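Chemist: Please find data-v6.pdb (PDB, C-alpha atoms) on the next line:
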```
ATOM      1  CA  MET A  12     -50.039 -11.223 -48.435
ATOM      2  CA  GLU A  13     -46.937 -10.712 -46.279
ATOM      3  CA  CYS A  14     -45.794 -13.852 -44.458
ATOM      4  CA  VAL A  15     -45.460 -13.715 -40.681
ATOM      5  CA  VAL A  16     -41.895 -14.291 -39.491
ATOM      6  CA  ARG A  17     -41.620 -17.355 -37.244
ATOM      7  CA  VAL A  18     -39.119 -17.253 -34.402
ATOM      8  CA  LEU A  19     -37.922 -20.084 -32.177
ATOM      9  CA  ILE A  20     -36.346 -18.921 -28.918
ATOM     10  CA  THR A  21     -34.995 -20.764 -25.889
ATOM     11  CA  GLY A  22     -34.924 -19.567 -22.269
ATOM     12  CA  PRO A  23     -38.572 -18.500 -21.657
ATOM     13  CA  THR A  24     -38.326 -18.516 -17.860
ATOM     14  CA  SER A  25     -35.184 -16.387 -17.688
ATOM     15  CA  PHE A  26     -35.576 -12.733 -16.713
ATOM     16  CA  THR A  27     -34.649 -11.335 -20.109
ATOM     17  CA  GLY A  28     -36.180 -14.248 -22.024
ATOM     18  CA  ALA A  29     -39.708 -13.506 -20.815
ATOM     19  CA  PHE A  30     -39.417  -9.874 -21.894
ATOM     20  CA  PHE A  31     -37.768 -10.758 -25.208
ATOM     21  CA  ILE A  32     -40.656 -13.083 -26.045
ATOM     22  CA  GLU A  33     -43.163 -10.363 -25.158
ATOM     23  CA  ALA A  34     -41.356  -7.828 -27.379
ATOM     24  CA  LEU A  35     -41.043 -10.263 -30.290
ATOM     25  CA  SER A  36     -44.761 -11.033 -30.126
ATOM     26  CA  ALA A  37     -45.641  -7.324 -29.868
ATOM     27  CA  SER A  38     -43.608  -6.785 -33.058
ATOM     28  CA  GLY A  39     -45.953  -9.101 -34.937
ATOM     29  CA  LEU A  40     -43.752 -12.189 -34.996
ATOM     30  CA  ASP A  41     -45.040 -15.730 -34.469
ATOM     31  CA  VAL A  42     -43.043 -16.867 -31.430
ATOM     32  CA  VAL A  43     -42.374 -20.477 -30.424
ATOM     33  CA  THR A  44     -40.349 -21.376 -27.347
ATOM     34  CA  THR A  45     -39.121 -24.480 -25.536
ATOM     35  CA  SER A  46     -39.057 -24.969 -21.772
ATOM     36  CA  THR A  47     -36.904 -27.595 -20.083
ATOM     37  CA  LYS A  48     -39.637 -28.130 -17.469
ATOM     38  CA  SER A  49     -43.405 -27.976 -17.344
ATOM     39  CA  LEU A  50     -44.280 -24.321 -16.782
ATOM     40  CA  SER A  51     -46.395 -25.233 -13.768
ATOM     41  CA  ALA A  52     -43.343 -26.857 -12.146
ATOM     42  CA  HIS A  53     -41.888 -23.408 -11.496
ATOM     43  CA  SER A  54     -42.643 -21.197  -8.513
ATOM     44  CA  GLY A  55     -42.152 -17.634  -7.373
ATOM     45  CA  VAL A  56     -40.765 -15.109  -9.833
ATOM     46  CA  ARG A  57     -39.791 -17.821 -12.321
ATOM     47  CA  LEU A  58     -43.412 -18.972 -12.484
ATOM     48  CA  LEU A  59     -44.466 -15.383 -13.252
ATOM     49  CA  ARG A  60     -41.925 -15.286 -16.093
ATOM     50  CA  ALA A  61     -43.217 -18.629 -17.384
ATOM     51  CA  GLN A  62     -46.772 -17.318 -17.394
ATOM     52  CA  LYS A  63     -45.664 -14.158 -19.193
ATOM     53  CA  SER A  64     -43.953 -16.224 -21.888
ATOM     54  CA  ALA A  65     -46.997 -18.489 -22.262
ATOM     55  CA  GLU A  66     -49.183 -15.443 -22.918
ATOM     56  CA  ASN A  67     -46.977 -14.360 -25.816
ATOM     57  CA  SER A  68     -45.817 -17.595 -27.468
ATOM     58  CA  THR A  69     -46.468 -21.243 -28.186
ATOM     59  CA  VAL A  70     -44.588 -23.208 -25.531
ATOM     60  CA  TYR A  71     -43.265 -26.760 -25.916
ATOM     61  CA  GLU A  72     -42.688 -28.073 -22.403
ATOM     62  CA  GLY A  73     -40.124 -30.637 -21.284
ATOM     63  CA  VAL A  74     -37.818 -29.863 -24.211
ATOM     64  CA  SER A  75     -34.127 -29.051 -23.781
ATOM     65  CA  PHE A  76     -31.906 -27.510 -26.422
ATOM     66  CA  GLY A  77     -30.498 -30.168 -28.741
ATOM     67  CA  ASP A  78     -32.308 -33.161 -27.220
ATOM     68  CA  GLY A  79     -34.479 -35.587 -29.194
ATOM     69  CA  ALA A  80     -37.676 -33.608 -28.709
ATOM     70  CA  PHE A  81     -35.939 -30.405 -29.802
ATOM     71  CA  LEU A  82     -34.629 -32.037 -32.979
ATOM     72  CA  GLU A  83     -38.079 -33.460 -33.731
ATOM     73  CA  LEU A  84     -39.544 -29.961 -33.425
ATOM     74  CA  LEU A  85     -37.032 -28.750 -36.025
ATOM     75  CA  ARG A  86     -37.930 -31.638 -38.334
ATOM     76  CA  SER A  87     -41.658 -30.974 -38.120
ATOM     77  CA  GLN A  88     -41.727 -27.168 -38.261
ATOM     78  CA  SER A  89     -39.884 -24.359 -40.018
ATOM     79  CA  PHE A  90     -38.553 -21.138 -38.508
ATOM     80  CA  ASP A  91     -37.169 -17.999 -40.113
ATOM     81  CA  VAL A  92     -35.033 -17.069 -37.093
ATOM     82  CA  PHE A  93     -33.594 -19.107 -34.234
ATOM     83  CA  CYS A  94     -32.776 -17.198 -31.037
ATOM     84  CA  HIS A  95     -30.365 -19.192 -28.889
ATOM     85  CA  HIS A  96     -31.014 -17.358 -25.630
ATOM     86  CA  GLY A  97     -31.210 -20.003 -22.915
ATOM     87  CA  ALA A  98     -27.941 -20.816 -21.116
ATOM     88  CA  TRP A  99     -26.647 -22.605 -18.037
ATOM     89  CA  THR A 100     -26.346 -19.925 -15.337
ATOM     90  CA  LYS A 101     -26.034 -21.728 -11.987
ATOM     91  CA  ASP A 102     -23.130 -20.141 -10.056
ATOM     92  CA  TYR A 103     -22.299 -18.031 -13.112
ATOM     93  CA  ARG A 104     -20.476 -15.425 -11.012
ATOM     94  CA  SER A 105     -18.297 -18.007  -9.310
ATOM     95  CA  MET A 106     -15.158 -19.942 -10.183
ATOM     96  CA  LYS A 107     -17.271 -22.997  -9.253
ATOM     97  CA  TYR A 108     -19.338 -22.501 -12.411
ATOM     98  CA  ASP A 109     -19.592 -25.914 -14.104
ATOM     99  CA  PHE A 110     -17.747 -25.142 -17.337
ATOM    100  CA  GLU A 111     -18.086 -28.592 -18.923
ATOM    101  CA  LEU A 112     -21.785 -29.037 -18.152
ATOM    102  CA  ALA A 113     -22.615 -25.497 -19.260
ATOM    103  CA  PHE A 114     -20.872 -25.803 -22.610
ATOM    104  CA  ALA A 115     -22.413 -29.237 -23.229
ATOM    105  CA  ASN A 116     -25.906 -27.881 -22.548
ATOM    106  CA  ASN A 117     -25.368 -24.773 -24.694
ATOM    107  CA  THR A 118     -24.099 -26.698 -27.726
ATOM    108  CA  ARG A 119     -25.815 -30.116 -27.577
ATOM    109  CA  SER A 120     -26.339 -31.545 -31.097
ATOM    110  CA  LEU A 121     -25.449 -28.131 -32.529
ATOM    111  CA  ASN A 122     -24.299 -29.465 -35.895
ATOM    112  CA  GLU A 123     -27.610 -31.270 -36.389
ATOM    113  CA  VAL A 124     -29.601 -28.322 -35.037
ATOM    114  CA  CYS A 125     -28.030 -25.951 -37.565
ATOM    115  CA  ARG A 126     -28.400 -28.446 -40.397
ATOM    116  CA  LEU A 127     -32.112 -28.917 -39.718
ATOM    117  CA  LEU A 128     -32.742 -25.188 -39.287
ATOM    118  CA  ALA A 129     -31.093 -24.377 -42.622
ATOM    119  CA  GLU A 130     -32.768 -27.294 -44.382
ATOM    120  CA  ARG A 131     -36.180 -25.956 -43.299
ATOM    121  CA  GLY A 132     -35.455 -22.385 -44.429
ATOM    122  CA  CYS A 133     -34.005 -20.627 -41.376
ATOM    123  CA  ARG A 134     -32.037 -17.564 -42.451
ATOM    124  CA  LYS A 135     -30.374 -16.381 -39.265
ATOM    125  CA  ILE A 136     -29.401 -17.317 -35.732
ATOM    126  CA  ILE A 137     -29.335 -14.777 -32.908
ATOM    127  CA  VAL A 138     -27.136 -15.982 -30.053
ATOM    128  CA  SER A 139     -27.274 -14.104 -26.770
ATOM    129  CA  GLY A 140     -23.875 -12.953 -25.623
ATOM    130  CA  SER A 141     -22.739 -11.251 -22.439
ATOM    131  CA  ILE A 142     -20.558  -8.432 -21.228
ATOM    132  CA  PHE A 143     -18.634 -11.238 -19.495
ATOM    133  CA  GLU A 144     -17.330 -12.501 -22.856
ATOM    134  CA  GLN A 145     -16.334  -9.158 -24.350
ATOM    135  CA  GLY A 146     -12.685  -8.087 -24.347
ATOM    136  CA  GLU A 147     -10.500 -10.008 -21.915
ATOM    137  CA  VAL A 148     -12.574 -12.855 -20.453
ATOM    138  CA  PHE A 149     -12.513 -12.765 -16.658
ATOM    139  CA  SER A 150     -14.784 -15.624 -15.563
ATOM    140  CA  PRO A 151     -15.624 -19.258 -16.474
ATOM    141  CA  TYR A 152     -19.118 -18.070 -17.467
ATOM    142  CA  GLY A 153     -17.662 -15.548 -19.905
ATOM    143  CA  LEU A 154     -15.376 -18.203 -21.341
ATOM    144  CA  VAL A 155     -18.306 -20.586 -21.906
ATOM    145  CA  LYS A 156     -20.394 -17.816 -23.492
ATOM    146  CA  LYS A 157     -17.533 -16.901 -25.815
ATOM    147  CA  MET A 158     -16.961 -20.517 -26.835
ATOM    148  CA  THR A 159     -20.701 -21.016 -27.331
ATOM    149  CA  THR A 160     -20.889 -17.987 -29.621
ATOM    150  CA  GLN A 161     -17.897 -19.136 -31.670
ATOM    151  CA  THR A 162     -19.315 -22.661 -31.984
ATOM    152  CA  VAL A 163     -22.713 -21.380 -33.122
ATOM    153  CA  LYS A 164     -20.950 -19.067 -35.579
ATOM    154  CA  PHE A 165     -18.953 -21.966 -37.038
ATOM    155  CA  TYR A 166     -21.892 -24.303 -37.618
ATOM    156  CA  GLY A 167     -24.409 -21.577 -38.509
ATOM    157  CA  ASN A 168     -22.134 -20.097 -41.156
ATOM    158  CA  HIS A 169     -21.259 -23.562 -42.436
ATOM    159  CA  TYR A 170     -24.922 -24.128 -43.277
ATOM    160  CA  GLY A 171     -25.293 -20.708 -44.904
ATOM    161  CA  MET A 172     -27.061 -18.759 -42.160
ATOM    162  CA  HIS A 173     -26.230 -15.373 -40.689
ATOM    163  CA  VAL A 174     -25.105 -15.558 -37.066
ATOM    164  CA  SER A 175     -25.415 -12.501 -34.845
ATOM    165  CA  ASN A 176     -24.165 -12.124 -31.282
ATOM    166  CA  VAL A 177     -26.384  -9.852 -29.171
ATOM    167  CA  VAL A 178     -24.446  -8.551 -26.182
ATOM    168  CA  ILE A 179     -26.669  -8.486 -23.087
ATOM    169  CA  PRO A 180     -25.686  -5.739 -20.602
ATOM    170  CA  ASN A 181     -26.984  -5.657 -17.012
ATOM    171  CA  PRO A 182     -30.792  -5.350 -17.268
ATOM    172  CA  PHE A 183     -33.113  -4.441 -14.410
ATOM    173  CA  GLY A 184     -36.861  -4.264 -13.970
ATOM    174  CA  PRO A 185     -39.913  -6.301 -12.923
ATOM    175  CA  LEU A 186     -39.494 -10.067 -12.400
ATOM    176  CA  ASP A 187     -35.733  -9.772 -11.907
ATOM    177  CA  ASN A 188     -33.803 -11.502  -9.128
ATOM    178  CA  PRO A 189     -32.708  -9.014  -6.434
ATOM    179  CA  LYS A 190     -29.454  -7.377  -7.520
ATOM    180  CA  LEU A 191     -27.806  -3.952  -7.345
ATOM    181  CA  ILE A 192     -30.780  -1.814  -8.423
ATOM    182  CA  ASP A 193     -33.045  -3.656  -5.972
ATOM    183  CA  TYR A 194     -30.549  -3.034  -3.179
ATOM    184  CA  LEU A 195     -30.165   0.668  -4.013
ATOM    185  CA  CYS A 196     -33.916   1.270  -4.134
ATOM    186  CA  LYS A 197     -34.545  -0.502  -0.823
ATOM    187  CA  GLU A 198     -31.819   1.526   0.876
ATOM    188  CA  TRP A 199     -33.070   4.820  -0.573
ATOM    189  CA  PHE A 200     -36.705   4.133   0.297
ATOM    190  CA  SER A 201     -35.738   3.277   3.887
ATOM    191  CA  GLY A 202     -33.810   6.542   4.201
ATOM    192  CA  LYS A 203     -30.408   4.867   4.318
ATOM    193  CA  THR A 204     -27.252   5.600   2.337
ATOM    194  CA  PRO A 205     -26.335   2.624   0.137
ATOM    195  CA  MET A 206     -22.718   1.552  -0.159
ATOM    196  CA  ILE A 207     -21.067   0.341  -3.357
ATOM    197  CA  ARG A 208     -18.357  -2.103  -2.266
ATOM    198  CA  THR A 209     -16.872  -2.627  -5.751
ATOM    199  CA  PRO A 210     -16.406   0.942  -7.051
ATOM    200  CA  GLN A 211     -14.000  -0.091  -9.831
ATOM    201  CA  TYR A 212     -16.544  -2.450 -11.382
ATOM    202  CA  ILE A 213     -18.271  -0.687 -14.292
ATOM    203  CA  ARG A 214     -21.943  -1.583 -14.651
ATOM    204  CA  ASP A 215     -23.917  -1.055 -17.836
ATOM    205  CA  ASN A 216     -27.461  -0.998 -16.461
ATOM    206  CA  ILE A 217     -30.455  -0.864 -18.803
ATOM    207  CA  PRO A 218     -34.235  -1.168 -18.239
ATOM    208  CA  VAL A 219     -35.285  -4.630 -19.406
ATOM    209  CA  GLY A 220     -38.207  -3.277 -21.457
ATOM    210  CA  LEU A 221     -35.884  -1.042 -23.479
ATOM    211  CA  LEU A 222     -33.410  -3.887 -23.953
ATOM    212  CA  ALA A 223     -36.244  -6.141 -25.155
ATOM    213  CA  ARG A 224     -37.387  -3.568 -27.728
ATOM    214  CA  GLY A 225     -33.843  -3.308 -29.077
ATOM    215  CA  TYR A 226     -33.539  -7.081 -29.184
ATOM    216  CA  ALA A 227     -36.784  -7.527 -31.127
ATOM    217  CA  ASP A 228     -35.816  -4.777 -33.546
ATOM    218  CA  TRP A 229     -32.477  -6.484 -34.230
ATOM    219  CA  VAL A 230     -34.116  -9.881 -34.721
ATOM    220  CA  ILE A 231     -36.175  -8.294 -37.496
ATOM    221  CA  LYS A 232     -33.535  -6.039 -39.070
ATOM    222  CA  SER A 233     -30.315  -8.061 -38.728
ATOM    223  CA  PRO A 234     -28.752  -9.346 -41.974
ATOM    224  CA  GLU A 235     -29.778 -12.605 -43.589
ATOM    225  CA  LYS A 236     -26.749 -13.404 -45.758
ATOM    226  CA  ARG A 237     -24.088 -15.797 -44.535
ATOM    227  CA  SER A 238     -21.847 -13.697 -42.295
ATOM    228  CA  TYR A 239     -21.383 -12.662 -38.661
ATOM    229  CA  SER A 240     -22.370  -9.539 -36.740
ATOM    230  CA  ILE A 241     -22.424  -8.192 -33.186
ATOM    231  CA  PHE A 242     -25.224  -6.047 -31.773
TER     232      PHE A 242
END
```
Please, can you express the file's structure as structure tokens?
Modeler:
Amino acid sequence: MECVVRVLITGPTSFTGAFFIEALSASGLDVVTTSTKSLSAHSGVRLLRAQKSAENSTVYEGVSFGDGAFLELLRSQSFDVFCHHGAWTKDYRSMKYDFELAFANNTRSLNEVCRLLAERGCRKIIVSGSIFEQGEVFSPYGLVKKMTTQTVKFYGNHYGMHVSNVVIPNPFGPLDNPKLIDYLCKEWFSGKTPMIRTPQYIRDNIPVGLLARGYADWVIKSPEKRSYSIF
């Protein structure tokens, strides 16, 4: 009998996280996720994402990455893949982005996290990257994402796991916060001509459902030997 792959993923109430969890579950994986708050504490679109994640995974509420409850979960259960998707995003487009707090949250107890994962049989870590960290970094958010990826790579490889950085482009679709695509559609439907005020900014837009399918496929097919890859 073929064993079901168990996946632990963070960030279930994020836009992409909810769709990633749905795609992972649809691929036949046993999905477990952690939520920093009780799901019912959310409202609006974030509550809808939380409900979507709860339909497709086992949710441990009130657990933050690297805290005591998170470490206890790793001691008591085993996972084949760890998807480090959740990240600190408040003011992520601004120079006011809290660099220190973000990095601390993204990497809390990372050495112990990786040690416990490997000890319990985890073979690979998928860390969500960003277009903001590729090439020349141009924002504090991109710098934190790049440092987070490198830190996960260091500790994950040290304990013999494969670490893969999945670059997240600009997704759009249901349950998203209003951004460019939302603006364009509203203008078009109202008969107006939308205006792009940053024409030199290249956007790599992708439907979130398609991105989620690619993500789930990579979680399954990415290498397992100790090394590093980018998807």
Chemist: Could you tell me which residues the PyMOL selection byres ((chain A and resi 77) around 6) grabs in this file, written as a list in words?
Modeler: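 On this input, the PyMOL selection byres ((chain A and resi 77) around 6) captures Phe76, Asp78, Phe81, Arg119 and Ser120 of chain A.
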Chemist: Between A:Gly171, A:Pro218, A:Pro151, A:Pro210, single out the one closest to Ile192 in chain A, counting all atoms listed in the file.
Modeler: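 The closest residue to Ile192 in chain A is A:Pro218.
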Chemist: A:Ala80, A:Leu19, A:Val155, A:Cys94: which is nearest Phe114 in chain A, counting only C-alpha atoms?
Modeler: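 With only C-alpha atoms as the atom set, the closest residue is A:Val155.
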Chemist: Counting all atoms listed in the file, which residues sit no farther than 9 Å from the position (-30.9, -29.8, -35.4) in the file's frame? I'd like them as a list in words.
Modeler: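 Nearby residues: Gly77, Asp78, Phe81, Leu82, Glu83, Leu84, Leu85, Arg86, Ser120, Leu121, Asn122, Glu123, Val124, Cys125, Arg126, Leu127 and Leu128 of chain A.
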Chemist: What would the selection look like, as a PyMOL selection string, if the PyMOL selection byres ((chain A and resi 99-101) around 10) were run on the coordinates I just shared?
Modeler: chain A and resi 22+25+97-98+102-105+107-110+112-117+152+155-156
Chemist: Tell me which of A:Ile136, A:Ile20, A:Met206, A:Ile213 sits closest to Phe165 in chain A, counting only C-alpha atoms.
Modeler: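 Closest residue, counting only C-alpha atoms: A:Ile136.
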Chemist: Please compute the CA of Ala227 in chain A-CA of Leu35 in chain A distance, one decimal, in Å.
Modeler: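 These two atoms are separated by 5.1 Å.
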Chemist: Of the candidates A:Gly73, A:Leu221, A:Phe31, A:Tyr226, which shows the shortest atom-to-atom distance to Ala52 in chain A, using all atoms listed in the file?
Modeler: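 Smallest separation from Ala52 in chain A among the options: A:Gly73.
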Chemist: What is the CA of Thr27 in chain A to CA of Thr204 in chain A distance in Å?
Modeler: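 Calculated distance between CA of Thr27 in chain A and CA of Thr204 in chain A is 29.1 Å.
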Chemist: Expanded to explicit residues, what is the PyMOL selection byres ((chain A and resi 57) around 10) for this file, as a PyMOL selection string?
Modeler: chain A and resi 23-26+29+50+52-56+58-63+186-188
Chemist: Save out the residues we just selected, C-alpha atoms, as an mmCIF file, in the frame of the given file.
Modeler:
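File out_18.cif, as written:
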```cif
data_model
loop_
_atom_site.group_PDB
_atom_site.id
_atom_site.type_symbol
_atom_site.label_atom_id
_atom_site.label_comp_id
_atom_site.auth_asym_id
_atom_site.auth_seq_id
_atom_site.Cartn_x
_atom_site.Cartn_y
_atom_site.Cartn_z
ATOM 1 C CA PRO A 23 -38.572 -18.500 -21.657
ATOM 2 C CA THR A 24 -38.326 -18.516 -17.860
ATOM 3 C CA SER A 25 -35.184 -16.387 -17.688
ATOM 4 C CA PHE A 26 -35.576 -12.733 -16.713
ATOM 5 C CA ALA A 29 -39.708 -13.506 -20.815
ATOM 6 C CA LEU A 50 -44.280 -24.321 -16.782
ATOM 7 C CA ALA A 52 -43.343 -26.857 -12.146
ATOM 8 C CA HIS A 53 -41.888 -23.408 -11.496
ATOM 9 C CA SER A 54 -42.643 -21.197 -8.513
ATOM 10 C CA GLY A 55 -42.152 -17.634 -7.373
ATOM 11 C CA VAL A 56 -40.765 -15.109 -9.833
ATOM 12 C CA LEU A 58 -43.412 -18.972 -12.484
ATOM 13 C CA LEU A 59 -44.466 -15.383 -13.252
ATOM 14 C CA ARG A 60 -41.925 -15.286 -16.093
ATOM 15 C CA ALA A 61 -43.217 -18.629 -17.384
ATOM 16 C CA GLN A 62 -46.772 -17.318 -17.394
ATOM 17 C CA LYS A 63 -45.664 -14.158 -19.193
ATOM 18 C CA LEU A 186 -39.494 -10.067 -12.400
ATOM 19 C CA ASP A 187 -35.733 -9.772 -11.907
ATOM 20 C CA ASN A 188 -33.803 -11.502 -9.128
#
```
Chemist: Looking at only C-alpha atoms, which of A:Ala129, A:Ser201, A:Ser141, A:Phe183 is the one that sits closest to Gly220 in chain A?
Modeler: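 Selected residue with least distance to Gly220 in chain A: A:Phe183.
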Chemist: With distances taken over only C-alpha atoms, which residue among A:Ala34, A:Leu154, A:Val92, A:Leu222 lies nearest Ile179 in chain A?
Modeler: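 Once distances to Ile179 in chain A are computed over only C-alpha atoms, the minimum belongs to A:Leu222.
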Chemist: Where's the centre, and what are the edge lengths in Å to one decimal, of a box along x, y and z enclosing all listed atoms of range 124-143 of chain A padded 8 Å per side, as lines of an AutoDock Vina configuration file?
Modeler:
```
center_x = -27.4
center_y = -18.7
center_z = -32.0
size_x = 33.5
size_y = 36.5
size_z = 40.9
```
Chemist: Record the distance separating CA of Asn216 in chain A and CA of Asp193 in chain A, expressed in Å with one decimal.
Modeler: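 CA of Asp193 in chain A lies 12.2 Å from CA of Asn216 in chain A.
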